[in-house]
Amino acid sequence: MIGGHGPGEDPHTGVQIAHEEPSPVAQVWRRVVLAAFFLTLTVLIVWLDRDSYRDGDEVGITLLDAVYYSTVTLSTTGYGDITPITEGARLVNILFITPLRVMFLIVLIGTTLEALTTRSREEFRIRRWRSRVRQHVIVCGYGTKGRSAVRSLQATGTPLESIVIVDNEQRAIDEANSIGLTGIVGDAGRTDVLRRAHVERARAVIVAANRDDAAVLITLTVRQLNPTVPITTSVREEENASLLRQSGADTVITTSATSGRLLGLSTDSPRVVSVVEDLLTGGQGLDLSQRTVSSGEVGLGPRDLRDIVLSVTRGGRTLRFDDPLIGTLQSEDVLVVVRSH
């Protein structure tokens, strides 16, 4: 569907915010411990003031009577066979045992309350996320390529909360949630799904679809919703790369051709492949990095910098490091450099 949400469609549908949820066993065990604590405290209060209670015609109660009285009192059963007979005992019942009864009942019905409030809490999390999310990176597809893209984003300093995963497989979204990513279940080629990911506020979109036709559709939809966002997409077949660029992709990576070139290099130049892998693996060894020229570097030549300069982009044109047109570096130049991590 192009153009927004359908009639009656919930804009929160499919959005899953990563958060830690205690296991059901842990929740039940915690309530059992609290209930036992309240019961024990009530028994202790009654037992310390046991001579102020009457069991039938007999004044004073045993420890078993105290446990029995506490149990029926906290559960609001209240048979009335054991009753406080002094004003002090009745005051203790009002000030201490009644609040304990209320807390005991809250613990007992905690599971029901939890079920009723879970959806409300999730709605609150989603609404808060929707109001705050901006300048994030959307990764369309959480397969092998999508997971590698996320690891690379992390290695270059992008926090997990600034990455949003879109995938039509619930299993993939669950996996993304498990490491702290926000996920949206749905087809990234649909306008309503991308709107849930707030594509209009994104700083970048990565299209890591498994099929070239899906990549084209996603790219077209993203470009329609956000005409200026940078789009990086992968394509399996090199002949489809031009189609992706016409669809609005800024950067197109041909996975099959790139893999083939590395395979060919590995036979005669295995060390070259090792260096390429090192450069592509962020956070260790040598890293490829893009940055602007610092004030102290203006007027220097590319070979005078501490970092190894591979290219210089000036006025929208990218020049290789050995291009004589570079001359000396200018303040608006953008460099691609190799630096040691």
# chains A, B, ... in the order shown; residues from 1 in each chain; ligands from 1
>>> select_by_dssp(residues="range 101-209 of chain A", states="alpha helix (DSSP H)", output="ChimeraX atom specification")
/A:101-108,110-132,144-155,170-178,191-196
>>> residues_around(residues="range 183-190 of chain A", least_positions_apart="5", cutoff="9 Å", atoms="only C-alpha atoms", output="NGL selection string")
:A and (1-2 or 13-18 or 140-141 or 163-170 or 172-174 or 176-177 or 195-197 or 207 or 214-222)
>>> write_last_selection(atoms="C-alpha atoms", output="PDB file, in the first residue's frame")
ATOM      1  CA  MET A   1       0.000   0.000   0.000  1.00  0.00           C
ATOM      2  CA  ILE A   2       1.399   3.439  -0.955  1.00  0.00           C
ATOM      3  CA  THR A  13       1.732  -2.840  14.810  1.00  0.00           C
ATOM      4  CA  GLY A  14       4.886  -4.901  14.417  1.00  0.00           C
ATOM      5  CA  VAL A  15       7.104  -2.549  16.447  1.00  0.00           C
ATOM      6  CA  GLN A  16       9.127  -4.429  19.074  1.00  0.00           C
ATOM      7  CA  ILE A  17      11.265  -2.482  21.536  1.00  0.00           C
ATOM      8  CA  ALA A  18      14.206  -4.355  22.997  1.00  0.00           C
ATOM      9  CA  CYS A 140      16.133  -3.554   5.896  1.00  0.00           C
ATOM     10  CA  GLY A 141      16.753  -7.284   6.242  1.00  0.00           C
ATOM     11  CA  ILE A 163      19.651   1.215  14.750  1.00  0.00           C
ATOM     12  CA  VAL A 164      16.233  -0.052  13.645  1.00  0.00           C
ATOM     13  CA  ILE A 165      15.776  -3.437  11.983  1.00  0.00           C
ATOM     14  CA  VAL A 166      12.970  -4.119   9.497  1.00  0.00           C
ATOM     15  CA  ASP A 167      12.363  -7.748   8.555  1.00  0.00           C
ATOM     16  CA  ASN A 168       9.258  -9.778   7.707  1.00  0.00           C
ATOM     17  CA  GLU A 169      10.434 -12.758   9.793  1.00  0.00           C
ATOM     18  CA  GLN A 170       9.460 -12.748  13.467  1.00  0.00           C
ATOM     19  CA  ALA A 172      14.856 -12.310  12.863  1.00  0.00           C
ATOM     20  CA  ILE A 173      13.240  -9.534  14.899  1.00  0.00           C
ATOM     21  CA  ASP A 174      13.424 -11.641  18.064  1.00  0.00           C
ATOM     22  CA  ALA A 176      17.618  -8.422  16.906  1.00  0.00           C
ATOM     23  CA  ASN A 177      15.741  -7.667  20.134  1.00  0.00           C
ATOM     24  CA  ARG A 195       6.643   4.849   8.208  1.00  0.00           C
ATOM     25  CA  ARG A 196       6.610   2.831  11.450  1.00  0.00           C
ATOM     26  CA  ALA A 197      10.416   2.868  11.272  1.00  0.00           C
ATOM     27  CA  VAL A 207      19.017  -2.340   2.141  1.00  0.00           C
ATOM     28  CA  ALA A 214      13.039  -6.851  -3.317  1.00  0.00           C
ATOM     29  CA  ALA A 215      16.026  -4.490  -3.040  1.00  0.00           C
ATOM     30  CA  VAL A 216      14.711  -2.419  -5.962  1.00  0.00           C
ATOM     31  CA  LEU A 217      11.224  -2.133  -4.453  1.00  0.00           C
ATOM     32  CA  ILE A 218      12.578  -1.177  -1.020  1.00  0.00           C
ATOM     33  CA  THR A 219      14.892   1.431  -2.525  1.00  0.00           C
ATOM     34  CA  LEU A 220      12.079   2.972  -4.566  1.00  0.00           C
ATOM     35  CA  THR A 221       9.791   3.122  -1.523  1.00  0.00           C
ATOM     36  CA  VAL A 222      12.459   4.625   0.733  1.00  0.00           C
TER      37      VAL A 222
END
>>> residues_around(residues="Ile61 in chain A", least_positions_apart="3", cutoff="9 Å", atoms="only C-alpha atoms", output="list in words")
Trp47, Arg50, Asp51, Ser52, Tyr53, Arg54, Asp55, Glu58, Leu64, Asp65, Ala66 and Ile82 of chain A
>>> write_last_selection(atoms="C-alpha atoms", output="CSV table (one decimal), in the first residue's frame")
chain,number,residue,atom,x,y,z
A,47,TRP,CA,2.1,-14.6,68.3
A,50,ARG,CA,-1.2,-14.0,71.7
A,51,ASP,CA,-2.8,-13.3,75.2
A,52,SER,CA,-5.0,-10.7,73.6
A,53,TYR,CA,-6.8,-13.2,71.4
A,54,ARG,CA,-9.7,-15.6,72.2
A,55,ASP,CA,-10.2,-19.0,70.6
A,58,GLU,CA,-10.4,-19.8,75.9
A,64,LEU,CA,-0.6,-23.1,65.4
A,65,ASP,CA,-3.6,-20.9,66.2
A,66,ALA,CA,-1.5,-17.8,65.3
A,82,ILE,CA,-10.3,-16.5,66.8
>>> closest_residue(among="A:Arg127, A:Arg291, A:Arg261, A:Arg320", to="Leu335 in chain A", atoms="only C-alpha atoms")
A:Arg291
>>> atom_distance(atom1="CA of Val102 in chain A", atom2="CA of Gly88 in chain A")
20.7 Å
>>> decode(residues="range 83-145 of chain A", atoms="C-alpha atoms", output="short mmCIF file (atom, residue, chain, number, x, y, z; two decimals), in the first residue's frame")
data_model
loop_
_atom_site.label_atom_id
_atom_site.label_comp_id
_atom_site.auth_asym_id
_atom_site.auth_seq_id
_atom_site.Cartn_x
_atom_site.Cartn_y
_atom_site.Cartn_z
CA THR A 83 -10.80 -12.84 67.60
CA PRO A 84 -8.81 -10.02 69.22
CA ILE A 85 -10.39 -9.14 72.57
CA THR A 86 -8.31 -6.20 73.77
CA GLU A 87 -8.21 -2.70 72.37
CA GLY A 88 -4.46 -2.99 71.81
CA ALA A 89 -4.87 -6.15 69.73
CA ARG A 90 -7.61 -4.54 67.67
CA LEU A 91 -5.44 -1.45 67.11
CA VAL A 92 -2.60 -3.70 65.92
CA ASN A 93 -5.04 -5.36 63.51
CA ILE A 94 -6.03 -2.00 62.10
CA LEU A 95 -2.55 -0.49 61.82
CA PHE A 96 -0.49 -3.51 60.82
CA ILE A 97 -2.45 -6.60 59.85
CA THR A 98 -4.90 -4.79 57.56
CA PRO A 99 -2.09 -3.26 55.42
CA LEU A 100 -0.40 -6.67 55.34
CA ARG A 101 -3.67 -8.17 54.14
CA VAL A 102 -3.86 -5.64 51.31
CA MET A 103 -0.24 -6.30 50.26
CA PHE A 104 -0.79 -10.06 50.47
CA LEU A 105 -3.78 -9.81 48.15
CA ILE A 106 -1.82 -7.62 45.73
CA VAL A 107 0.88 -10.28 45.59
CA LEU A 108 -1.68 -13.02 44.99
CA ILE A 109 -3.34 -11.20 42.10
CA GLY A 110 -0.04 -9.85 40.78
CA THR A 111 -0.06 -12.23 37.83
CA THR A 112 -3.44 -10.96 36.70
CA LEU A 113 -2.39 -7.35 37.15
CA GLU A 114 0.82 -8.07 35.24
CA ALA A 115 -1.13 -9.45 32.30
CA LEU A 116 -3.40 -6.40 32.28
CA THR A 117 -0.57 -3.88 32.43
CA THR A 118 1.98 -5.55 30.11
CA ARG A 119 0.29 -4.28 26.96
CA SER A 120 -0.03 -0.79 28.43
CA ARG A 121 3.66 -0.72 29.33
CA GLU A 122 4.60 -1.92 25.84
CA GLU A 123 2.40 0.76 24.26
CA PHE A 124 4.09 3.37 26.46
CA ARG A 125 7.57 2.16 25.41
CA ILE A 126 6.61 2.31 21.73
CA ARG A 127 5.07 5.78 22.03
CA ARG A 128 8.16 7.07 23.84
CA TRP A 129 10.42 5.50 21.19
CA ARG A 130 8.37 7.01 18.37
CA SER A 131 8.61 10.47 19.93
CA ARG A 132 12.39 10.26 20.40
CA VAL A 133 13.72 8.32 17.40
CA ARG A 134 15.57 10.44 14.85
CA GLN A 135 18.90 10.43 13.03
CA HIS A 136 18.84 6.63 13.19
CA VAL A 137 19.97 3.98 10.72
CA ILE A 138 17.37 1.62 9.26
CA VAL A 139 18.59 -1.82 8.22
CA CYS A 140 16.13 -3.55 5.90
CA GLY A 141 16.75 -7.28 6.24
CA TYR A 142 18.42 -9.07 9.15
CA GLY A 143 20.05 -11.97 7.40
CA THR A 144 23.79 -12.52 7.03
CA LYS A 145 24.33 -9.16 5.32
#
